[in-house]
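Here's the structure we're looking at; comments come further down.
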Amino acid sequence: MGGLSNVVYFMFHPNQLRAIIQWKTWHEPVYTRDPSKEAPTLRSCFDFLNQTSRSFSAVIQELQPEMLVPIALFYLVLRGLDTIEDDMTLPATTKEPMLREFYKYLRTDGWTFNGNGPNEKDRALLVHFDDVIAELRKIDKKYYDVIEDITIKMGNGMADYAMDAEFEEGVRTVAQYEEYCHFVAGLVGEGLTRIFVQGNTANPALLDRMELSESMGQFLQKTNIIRDVHEDFEDSRRFWPKDVWSKYVDKWEDLFDPKHRTQAVYCSSEMVLNALKHADECLYYMAGIKEQSVFNFVAIPQSMAIATLELVFQNPKIFHSHIKITKGDACHLMMKSTQNLQVVCDVFKTYTRRIARKNDPRDPHYLEISVACGKIEQFIETLFPTQDGKKLQAMQDEQGQEGAQNDLWEALLLVGAVLFVLLLVSGLMLGLAWYMGARFDVIFDKSAASSLKDVARAAATSQVHEEL
C-alpha cells in the first residue's frame with residue numbers, strides 16, 4: 001500500500017521525484033568511507049551511527065579521513081549522553097550521577113549500560129558502548145581532549161536540569177530555554193569548531209567568535225523543539241518556555257486544543273522569531289570553513305533547519321501531528337548545500353522570503369518577523385550583492401546618457417576655453433600696439449584718416465626733394 005501511495009504522490013509531484021533521482025544519480029561524495037579497512041569495533045560504531053541518525057550519518061561518512069572518525073565518535077558519545085537524559089523511565093537520582101560521571105566511562109574499558117527502558121530508541125548504543133570506548137582510545141589526543149571536555153560540560157548541564165524540580169514541569173523562562181539549548185546543542189557547536197580548527201579545516205578566528213558556534217547549535221535545536229512540540233507533549237515533555245506560551249493560553253494543554261488553534265499558531269510564531277535571530281550568524285560561521293567535505297557537513301543541517309522553520313511557520317499541523325520536510329525537498333537541499341556558500345545563501349534567501357510571504361498581518365509578531373527576515377536578506381546582500389541583468393542594463397544605459405551629456409559639456413568648455421585664449425591674446429596684442437603709439441581712432445574717423453594721409457604724402461615729398 002505504501003508503494004502505491006508513493007507512486008500516486010510522485011505522479012502529482014514530479015519535481016520531488018526528480019530531486020531524489022538527481023541526488024542518487026549525480027551526487028559524488030568528496031570522500032568515501034572504506035569499511036574494508038576498518039576494525040570490527042569501528043564498523044560497529046558506524047552501524048550505530050546509521051541507526052541513531054540517518055541524516056547525520058550520511059554527511060559524517062563523507063568527511064575527509066582526518067575528520068571522519070573523531071566526529072563520528074563525538075556524535076556517538078553525545079548521543080549516548082542524550083539517551084540517558086531523554087529516558088523518562090530513569091529516575092533523576094539515577095540520571096544525575098551518570099550524566100556527571102559519563103566522561104569517566106569513556107576511559108573505562110568495556111563499560112556498557114543496559115538500564116534504559118525497553119522502548120528507548122537508542123538503547124542498543126549504550127548496550128554496546130564498549131565499541132565506542134575502544135575506538136576512542138585510538139584517536140589523536142587533541143581530538144579526544146575536546147570530546148572529553150564537551151562531555152563534562154554537557155553532562156553537568158543536563159544533570160542540573162535533571163535535578164531541577166521546576167524543569168520537570170517544563171522550561172519556565174526564555175533565559176532557561178536559551179541555557180538548555182546551549183547545553184544540549186551550543187556545546188556541540190563549540191566542540192565541532194575546536195575539532196575543525198585542530199584539523200586545519202576551519203579558520204582559527206572562529207575560536208574567537210564562539211557566539212557563531214553557539215548559533216549553529218541553537219538554530220538546529222530550536223528548530224527541532226518547535227517541530228517536535230506535539231511529540232514532546234505526548235511524551236510529557238515541555239521545552240517551550242512558559243513565559244512565551246502563557247501569553248496566549250492559560251494551560252499548556254490548551255495549545256493542543258483545536259479551540260485555541262489561532263492563539264497556538266501565534267505562539268509558534270514567537271518561537272520561530274526566536275530561532276530566526278541565529279540565521280545570519282550561521283551563514284557567517286560557514287564562511288570560515290576551509291574544506292569542502294566539512295562545509296557540506298555543516299551546511300546541510302542548516303539548510304534543512306531553515307526549510308523546516310518555513311514548514312512549521314503559521315502551520316497548525318505541528319499541534320496535532322509530526323511533520324517534516326519531504327524526501328524530495330531534502331534531496332534538493334542536499335544538492336544545493338554541497339556546493340558553496342553563495343548557493344547556501346540563496347537557499348536561506350528563498351526560505352526566508354517564503355516565511356515573509358506566509359507572515360500574517362494579524363499575527364502580533366508580524367512586524368518583528370518581517371524585520372527578522374529583512375535582516376537575513378540584508379546580511380546575505382552584504383556577502384553577495386545581487387547581480388540583476390535588467391538593473392545592470394538600466395545602469396549602463398543611464399551611465400551612457402550621463403556620458404553623452406558629459407561629452408557635450410566638455411566640448412562646449414573646450415570651445416569656450418579656446419575663444420577665451422584667442423580674445424586674451426588679441427587683447428594683449430592690441431593693448432601693446434596702443435601703448436607703442438598706434439592710432440586706432442582713425443579706423444572710424446574719415447577726416448582724421450585723410451589728414452594723416454596728407455601728412456604722410458608731404459613727408460614723403462620733402463624727403464624726395466632733400467635727396468635731389
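Chains: A, B, ... in order of the C-alpha cells. Residues: from 1 per chain. Ligands: from 1, in order shown.
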
Could you build a table of the residues in range 23-77 of chain A lying no more than 9 Å from range 292-310 of chain A, giving for each the nearest pair of atoms and their separation in Å rounded to one decimal place, using only C-alpha atoms, ordered by chain and ascending residue number, as a Markdown table?
```
| residue | atom | partner | partner_atom | distance |
| --- | --- | --- | --- | --- |
| A:Pro29 | CA | A:Ser293 | CA | 8.1 |
| A:Val30 | CA | A:Ser293 | CA | 5.9 |
| A:Tyr31 | CA | A:Ser293 | CA | 7.4 |
| A:Ser55 | CA | A:Pro301 | CA | 8.5 |
| A:Phe56 | CA | A:Pro301 | CA | 8.0 |
| A:Val59 | CA | A:Phe297 | CA | 5.4 |
| A:Ile60 | CA | A:Phe297 | CA | 6.6 |
| A:Glu62 | CA | A:Ser293 | CA | 6.6 |
| A:Leu63 | CA | A:Ser293 | CA | 5.1 |
| A:Gln64 | CA | A:Ser293 | CA | 6.2 |
| A:Met67 | CA | A:Val294 | CA | 8.2 |
```

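Summary of the local environment: counting only C-alpha atoms, residues at most 7 Å from Val127 in chain A, other than itself and those fewer than 6 positions away along its chain, are Thr112, Phe113 and Asn114 of chain A.
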
Those residues you just picked out, can you put them in a file as a compact mmCIF listing (two decimals), in the first residue's frame with N, CA, C and O atoms?
```txt
# COMPACT_ATOMS: atom_id res chain seq x y z
N THR A 112 29.50 -0.64 29.67
CA THR A 112 28.23 -0.64 28.93
C THR A 112 27.11 -0.34 29.91
O THR A 112 27.31 -0.34 31.14
N PHE A 113 25.92 -0.10 29.38
CA PHE A 113 24.77 0.19 30.24
C PHE A 113 23.51 -0.38 29.59
O PHE A 113 23.22 -0.11 28.42
N ASN A 114 22.79 -1.19 30.35
CA ASN A 114 21.56 -1.80 29.81
C ASN A 114 20.34 -1.47 30.66
O ASN A 114 19.35 -2.20 30.64
```

Quiz item: For Val371 in chain A, which residue among A:Thr52, A:Gln314, A:Pro70, A:Leu273 is the nearest when counting only C-alpha atoms?
Solution: A:Leu273

Where does range 285-369 of chain A meet range 228-234 of chain A within 8 Å, residue by residue, with the nearest atom pair and distance in Å to one decimal for each, counting only C-alpha atoms, listed by chain and rising number, as JSON lines?
```
{"residue": "A:Ile318", "atom": "CA", "partner": "A:His230", "partner_atom": "CA", "distance": 6.3}
{"residue": "A:Phe319", "atom": "CA", "partner": "A:His230", "partner_atom": "CA", "distance": 5.3}
{"residue": "A:His320", "atom": "CA", "partner": "A:His230", "partner_atom": "CA", "distance": 6.1}
{"residue": "A:Ser321", "atom": "CA", "partner": "A:His230", "partner_atom": "CA", "distance": 6.3}
{"residue": "A:His322", "atom": "CA", "partner": "A:Asp228", "partner_atom": "CA", "distance": 6.6}
```

Could you turn the residues from that selection into a file that holds all heavy atoms, as a PDB file, in the first residue's frame?
```pdb
ATOM      1  N   ILE A 318       1.496  21.321  13.417  1.00  0.00           N
ATOM      2  CA  ILE A 318       2.508  20.928  14.416  1.00  0.00           C
ATOM      3  C   ILE A 318       1.872  20.614  15.763  1.00  0.00           C
ATOM      4  O   ILE A 318       2.497  19.946  16.596  1.00  0.00           O
ATOM      5  CB  ILE A 318       3.582  22.014  14.598  1.00  0.00           C
ATOM      6  CG1 ILE A 318       2.988  23.306  15.155  1.00  0.00           C
ATOM      7  CG2 ILE A 318       4.329  22.278  13.302  1.00  0.00           C
ATOM      8  CD1 ILE A 318       4.026  24.355  15.535  1.00  0.00           C
ATOM      9  N   PHE A 319       0.611  21.041  15.972  1.00  0.00           N
ATOM     10  CA  PHE A 319      -0.038  20.825  17.258  1.00  0.00           C
ATOM     11  C   PHE A 319      -0.870  19.542  17.312  1.00  0.00           C
ATOM     12  O   PHE A 319      -1.425  19.220  18.361  1.00  0.00           O
ATOM     13  CB  PHE A 319      -0.913  22.029  17.619  1.00  0.00           C
ATOM     14  CG  PHE A 319      -0.123  23.296  17.805  1.00  0.00           C
ATOM     15  CD1 PHE A 319      -0.131  24.275  16.831  1.00  0.00           C
ATOM     16  CD2 PHE A 319       0.659  23.487  18.942  1.00  0.00           C
ATOM     17  CE1 PHE A 319       0.603  25.448  16.992  1.00  0.00           C
ATOM     18  CE2 PHE A 319       1.402  24.644  19.105  1.00  0.00           C
ATOM     19  CZ  PHE A 319       1.382  25.631  18.144  1.00  0.00           C
ATOM     20  N   HIS A 320      -0.951  18.833  16.181  1.00  0.00           N
ATOM     21  CA  HIS A 320      -1.700  17.568  16.235  1.00  0.00           C
ATOM     22  C   HIS A 320      -1.027  16.445  15.446  1.00  0.00           C
ATOM     23  O   HIS A 320      -1.567  15.336  15.364  1.00  0.00           O
ATOM     24  CB  HIS A 320      -3.138  17.760  15.746  1.00  0.00           C
ATOM     25  CG  HIS A 320      -3.263  18.261  14.335  1.00  0.00           C
ATOM     26  ND1 HIS A 320      -3.126  17.442  13.238  1.00  0.00           N
ATOM     27  CD2 HIS A 320      -3.498  19.501  13.856  1.00  0.00           C
ATOM     28  CE1 HIS A 320      -3.283  18.146  12.131  1.00  0.00           C
ATOM     29  NE2 HIS A 320      -3.510  19.412  12.469  1.00  0.00           N
ATOM     30  N   SER A 321       0.156  16.715  14.864  1.00  0.00           N
ATOM     31  CA  SER A 321       0.854  15.654  14.140  1.00  0.00           C
ATOM     32  C   SER A 321       2.344  15.989  14.073  1.00  0.00           C
ATOM     33  O   SER A 321       2.758  17.107  14.395  1.00  0.00           O
ATOM     34  CB  SER A 321       0.285  15.494  12.725  1.00  0.00           C
ATOM     35  OG  SER A 321       0.460  16.698  11.987  1.00  0.00           O
ATOM     36  N   HIS A 322       3.112  15.030  13.626  1.00  0.00           N
ATOM     37  CA  HIS A 322       4.552  15.238  13.471  1.00  0.00           C
ATOM     38  C   HIS A 322       4.837  15.462  11.991  1.00  0.00           C
ATOM     39  O   HIS A 322       4.589  14.587  11.158  1.00  0.00           O
ATOM     40  CB  HIS A 322       5.323  14.010  13.973  1.00  0.00           C
ATOM     41  CG  HIS A 322       6.810  14.173  13.910  1.00  0.00           C
ATOM     42  ND1 HIS A 322       7.493  15.084  14.684  1.00  0.00           N
ATOM     43  CD2 HIS A 322       7.747  13.552  13.156  1.00  0.00           C
ATOM     44  CE1 HIS A 322       8.786  15.018  14.415  1.00  0.00           C
ATOM     45  NE2 HIS A 322       8.971  14.087  13.489  1.00  0.00           N
TER      46      HIS A 322
END
```

Can you build me a table of range 49-116 of chain A residues sitting at most 10 Å from range 135-158 of chain A, with the closest atom pair per residue and its distance in Å to one decimal, using only C-alpha atoms, sorted by chain and residue number, as JSON lines?
```
{"residue": "A:Glu66", "atom": "CA", "partner": "A:Asp140", "partner_atom": "CA", "distance": 9.8}
{"residue": "A:Met67", "atom": "CA", "partner": "A:Tyr143", "partner_atom": "CA", "distance": 9.4}
{"residue": "A:Val69", "atom": "CA", "partner": "A:Ile139", "partner_atom": "CA", "distance": 7.7}
{"residue": "A:Pro70", "atom": "CA", "partner": "A:Tyr143", "partner_atom": "CA", "distance": 6.4}
{"residue": "A:Ile71", "atom": "CA", "partner": "A:Tyr143", "partner_atom": "CA", "distance": 8.8}
{"residue": "A:Leu73", "atom": "CA", "partner": "A:Leu136", "partner_atom": "CA", "distance": 7.0}
{"residue": "A:Phe74", "atom": "CA", "partner": "A:Ile147", "partner_atom": "CA", "distance": 5.9}
{"residue": "A:Tyr75", "atom": "CA", "partner": "A:Ile147", "partner_atom": "CA", "distance": 9.3}
{"residue": "A:Val77", "atom": "CA", "partner": "A:Thr151", "partner_atom": "CA", "distance": 7.7}
{"residue": "A:Leu78", "atom": "CA", "partner": "A:Thr151", "partner_atom": "CA", "distance": 6.9}
{"residue": "A:Leu81", "atom": "CA", "partner": "A:Gly155", "partner_atom": "CA", "distance": 7.0}
{"residue": "A:Asp82", "atom": "CA", "partner": "A:Met158", "partner_atom": "CA", "distance": 8.6}
{"residue": "A:Ile84", "atom": "CA", "partner": "A:Met158", "partner_atom": "CA", "distance": 9.7}
{"residue": "A:Glu85", "atom": "CA", "partner": "A:Met158", "partner_atom": "CA", "distance": 6.8}
{"residue": "A:Asp86", "atom": "CA", "partner": "A:Met158", "partner_atom": "CA", "distance": 9.8}
{"residue": "A:Lys95", "atom": "CA", "partner": "A:Met158", "partner_atom": "CA", "distance": 9.1}
{"residue": "A:Glu96", "atom": "CA", "partner": "A:Met158", "partner_atom": "CA", "distance": 8.0}
{"residue": "A:Pro97", "atom": "CA", "partner": "A:Asn156", "partner_atom": "CA", "distance": 9.2}
{"residue": "A:Met98", "atom": "CA", "partner": "A:Gly155", "partner_atom": "CA", "distance": 8.3}
{"residue": "A:Leu99", "atom": "CA", "partner": "A:Gly155", "partner_atom": "CA", "distance": 4.6}
{"residue": "A:Arg100", "atom": "CA", "partner": "A:Gly155", "partner_atom": "CA", "distance": 5.1}
{"residue": "A:Glu101", "atom": "CA", "partner": "A:Gly155", "partner_atom": "CA", "distance": 7.6}
{"residue": "A:Phe102", "atom": "CA", "partner": "A:Gly155", "partner_atom": "CA", "distance": 6.9}
{"residue": "A:Tyr103", "atom": "CA", "partner": "A:Thr151", "partner_atom": "CA", "distance": 5.8}
{"residue": "A:Lys104", "atom": "CA", "partner": "A:Glu148", "partner_atom": "CA", "distance": 8.7}
{"residue": "A:Leu106", "atom": "CA", "partner": "A:Leu136", "partner_atom": "CA", "distance": 7.6}
{"residue": "A:Arg107", "atom": "CA", "partner": "A:Arg137", "partner_atom": "CA", "distance": 8.1}
{"residue": "A:Asp109", "atom": "CA", "partner": "A:Arg137", "partner_atom": "CA", "distance": 9.3}
```

Any chance you can output those residues with N, CA, C and O atoms as a compact mmCIF listing (two decimals), in the first residue's frame?
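Produced file part28.txt, reproduced below:
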```txt
# COMPACT_ATOMS: atom_id res chain seq x y z
N GLU A 66 40.71 12.56 8.03
CA GLU A 66 41.21 13.12 9.28
C GLU A 66 40.07 13.47 10.24
O GLU A 66 40.20 13.36 11.46
N MET A 67 38.93 13.90 9.68
CA MET A 67 37.79 14.32 10.49
C MET A 67 36.78 13.21 10.73
O MET A 67 35.99 13.27 11.68
N VAL A 69 36.54 9.85 11.74
CA VAL A 69 36.38 9.07 12.97
C VAL A 69 36.17 9.96 14.21
O VAL A 69 35.27 9.69 15.01
N PRO A 70 36.97 11.02 14.41
CA PRO A 70 36.73 11.86 15.60
C PRO A 70 35.32 12.41 15.68
O PRO A 70 34.70 12.41 16.75
N ILE A 71 34.78 12.87 14.54
CA ILE A 71 33.43 13.46 14.58
C ILE A 71 32.37 12.38 14.74
O ILE A 71 31.37 12.58 15.45
N LEU A 73 32.72 9.56 16.41
CA LEU A 73 32.76 9.16 17.82
C LEU A 73 32.19 10.26 18.71
O LEU A 73 31.51 9.99 19.71
N PHE A 74 32.51 11.52 18.39
CA PHE A 74 31.96 12.65 19.14
C PHE A 74 30.44 12.61 19.12
O PHE A 74 29.77 12.78 20.15
N TYR A 75 29.88 12.35 17.95
CA TYR A 75 28.42 12.27 17.83
C TYR A 75 27.86 11.11 18.67
O TYR A 75 26.86 11.28 19.37
N VAL A 77 29.19 9.64 21.33
CA VAL A 77 29.33 9.91 22.76
C VAL A 77 28.20 10.82 23.24
O VAL A 77 27.56 10.55 24.27
N LEU A 78 27.93 11.88 22.49
CA LEU A 78 26.87 12.81 22.89
C LEU A 78 25.50 12.18 22.74
O LEU A 78 24.58 12.49 23.51
N LEU A 81 25.02 10.17 25.84
CA LEU A 81 24.67 11.06 26.94
C LEU A 81 23.21 11.49 26.83
O LEU A 81 22.46 11.51 27.82
N ASP A 82 22.79 11.82 25.63
CA ASP A 82 21.42 12.26 25.38
C ASP A 82 20.41 11.13 25.63
O ASP A 82 19.29 11.38 26.07
N ILE A 84 20.59 8.86 27.91
CA ILE A 84 20.35 8.81 29.36
C ILE A 84 19.44 9.96 29.77
O ILE A 84 18.49 9.78 30.53
N GLU A 85 19.72 11.14 29.27
CA GLU A 85 18.96 12.33 29.67
C GLU A 85 17.51 12.24 29.19
O GLU A 85 16.59 12.69 29.89
N ASP A 86 17.28 11.68 28.02
CA ASP A 86 15.92 11.62 27.44
C ASP A 86 15.05 10.52 28.03
O ASP A 86 13.82 10.58 27.90
N LYS A 95 19.85 9.26 36.90
CA LYS A 95 20.37 10.07 35.80
C LYS A 95 21.50 10.99 36.25
O LYS A 95 22.54 11.08 35.59
N GLU A 96 21.26 11.69 37.35
CA GLU A 96 22.17 12.76 37.75
C GLU A 96 23.61 12.30 37.90
O GLU A 96 24.53 12.88 37.28
N PRO A 97 23.91 11.25 38.65
CA PRO A 97 25.32 10.82 38.77
C PRO A 97 25.87 10.26 37.45
O PRO A 97 27.06 10.46 37.15
N MET A 98 25.03 9.60 36.66
CA MET A 98 25.51 9.05 35.40
C MET A 98 25.92 10.16 34.43
O MET A 98 26.94 10.07 33.74
N LEU A 99 25.11 11.20 34.38
CA LEU A 99 25.41 12.31 33.49
C LEU A 99 26.70 13.03 33.91
O LEU A 99 27.52 13.39 33.07
N ARG A 100 26.87 13.20 35.19
CA ARG A 100 28.08 13.90 35.67
C ARG A 100 29.33 13.04 35.52
O ARG A 100 30.43 13.57 35.34
N GLU A 101 29.17 11.73 35.59
CA GLU A 101 30.33 10.83 35.54
C GLU A 101 30.54 10.23 34.16
O GLU A 101 31.46 9.43 33.96
N PHE A 102 29.74 10.63 33.19
CA PHE A 102 29.81 9.96 31.90
C PHE A 102 31.19 10.08 31.25
O PHE A 102 31.65 9.15 30.58
N TYR A 103 31.88 11.21 31.45
CA TYR A 103 33.21 11.37 30.85
C TYR A 103 34.18 10.32 31.38
O TYR A 103 35.15 9.95 30.70
N LYS A 104 33.96 9.86 32.61
CA LYS A 104 34.83 8.83 33.18
C LYS A 104 34.61 7.48 32.50
O LYS A 104 35.54 6.68 32.39
N LEU A 106 34.21 7.01 29.48
CA LEU A 106 34.95 7.00 28.23
C LEU A 106 36.35 6.41 28.41
O LEU A 106 36.96 5.93 27.45
N ARG A 107 36.84 6.45 29.63
CA ARG A 107 38.18 5.91 29.94
C ARG A 107 38.11 4.51 30.55
O ARG A 107 39.14 3.92 30.88
N ASP A 109 37.49 0.79 30.06
CA ASP A 109 37.38 -0.26 29.05
C ASP A 109 36.23 -1.20 29.36
O ASP A 109 36.06 -1.66 30.50
```

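For the residues A:Asp131, A:Asp360, A:Asp329, A:Asp346, ranking by smallest atom-to-atom distance to Ala19 in chain A using only C-alpha atoms places A:Asp329 first.
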